[in-house]
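Visitor: Pasting in a structure now, in structure tokens, and then I'll have a few things to ask.
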Amino acid sequence: MFRNHRNAAGGGLSMALRGIKTYGDDHRVRRHNRVVENLKRELQTVMFRSVKDPRLGAFTITDLELSPDRRHAKVLVSKLLSSEEEISAEEKELLVEGLQSASHYIYEQLKKRMEMKVIPTLKFQYDDRFPILAKVWSLASFNHEEVGSSK
């Protein structure tokens, strides 16, 4: 009936079933990661050069989570503190409120600077992981210095 032993559509076995690696998903993941990195870099540039709000103080962007459709972005931020300092819940709230109030301005600046069809809406959230990681890092480096000096 079919000379080449394929089905009527001519597709035969799918490429995945034949063991041939398809690159479509890898390409999408790489593109998504590239968009996230570009967005994060531009966001840092705009926020640190243009946004002047006394509520912000010294902070950093610790992570950016972009939705698959690239319409929404959750920006995780953290205060820059010395290892002895603690941040109160009120200070965290002030930081997030300050960034959220500037989000429309940041959005407009990103629209001017980036060549994307859709600029995501920004939602800011405080990242509690960063100070904990900083303390662990300082303890690890302190321990490493002790081990190095005892030799």
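Identifiers in this document derive from the order of the structure tokens: chains are assigned A, B, ..., residues are numbered from 1 separately in each chain, and ligands are numbered from 1 in order of occurrence.
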Write out as a PyMOL selection string which residues come within 8 Å of Lys74 in chain A when counting only C-alpha atoms, dropping same-chain ones fewer than 6 positions away.

Guide: chain A and resi 64-66+122-125

Visitor: Could you go through range 21-136 of chain A and tell me which residues DSSP, when run on the backbone, assigns to strand (DSSP E or B), listing them as a list of chain:residue names?

Guide: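 Checking each residue of range 21-136 of chain A, the strand (DSSP E or B) ones are A:Phe59, A:Thr60, A:Ile61, A:Thr62, A:Asp63, A:Leu64, A:Glu65, A:Leu66, A:His72, A:Ala73, A:Lys74, A:Val75, A:Leu76, A:Val77, A:Ser78, A:Lys79, A:Thr121, A:Leu122, A:Lys123, A:Phe124, A:Gln125, A:Tyr126.
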
Visitor: Keeping C-alpha atoms for every residue in the selection just given, could you write it to a file as a PDB file, in the first residue's frame?

Guide:
```pdb
ATOM      1  CA  PHE A  59      19.858  47.607  47.041  1.00  0.00           C
ATOM      2  CA  THR A  60      20.529  44.976  44.417  1.00  0.00           C
ATOM      3  CA  ILE A  61      18.494  42.878  42.014  1.00  0.00           C
ATOM      4  CA  THR A  62      19.031  39.296  43.103  1.00  0.00           C
ATOM      5  CA  ASP A  63      16.850  37.530  40.534  1.00  0.00           C
ATOM      6  CA  LEU A  64      14.310  38.079  37.794  1.00  0.00           C
ATOM      7  CA  GLU A  65      11.567  35.582  36.998  1.00  0.00           C
ATOM      8  CA  LEU A  66       9.938  36.042  33.605  1.00  0.00           C
ATOM      9  CA  HIS A  72       5.005  39.560  33.526  1.00  0.00           C
ATOM     10  CA  ALA A  73       8.258  39.757  35.440  1.00  0.00           C
ATOM     11  CA  LYS A  74       8.846  39.295  39.146  1.00  0.00           C
ATOM     12  CA  VAL A  75      11.924  41.237  40.211  1.00  0.00           C
ATOM     13  CA  LEU A  76      13.514  40.013  43.442  1.00  0.00           C
ATOM     14  CA  VAL A  77      15.474  42.700  45.274  1.00  0.00           C
ATOM     15  CA  SER A  78      17.487  42.856  48.470  1.00  0.00           C
ATOM     16  CA  LYS A  79      19.118  45.569  50.571  1.00  0.00           C
ATOM     17  CA  THR A 121       4.850  44.470  33.676  1.00  0.00           C
ATOM     18  CA  LEU A 122       7.088  44.563  36.718  1.00  0.00           C
ATOM     19  CA  LYS A 123       6.239  43.274  40.169  1.00  0.00           C
ATOM     20  CA  PHE A 124       8.838  43.803  42.867  1.00  0.00           C
ATOM     21  CA  GLN A 125       9.321  41.442  45.778  1.00  0.00           C
ATOM     22  CA  TYR A 126      11.866  41.403  48.576  1.00  0.00           C
TER      23      TYR A 126
END
```

Visitor: Please list as an NGL selection string every residue within 12 Å of Lys117 in chain A, counting only C-alpha atoms and excluding residues in the same chain fewer than 2 positions away.

Guide: :A and (35 or 69-71 or 110-112 or 114-115 or 119-120)

Visitor: Would you mind reading off the distance between CA of Arg113 in chain A and CA of Ser50 in chain A, one decimal, in Å?

Guide: 12.8 Å
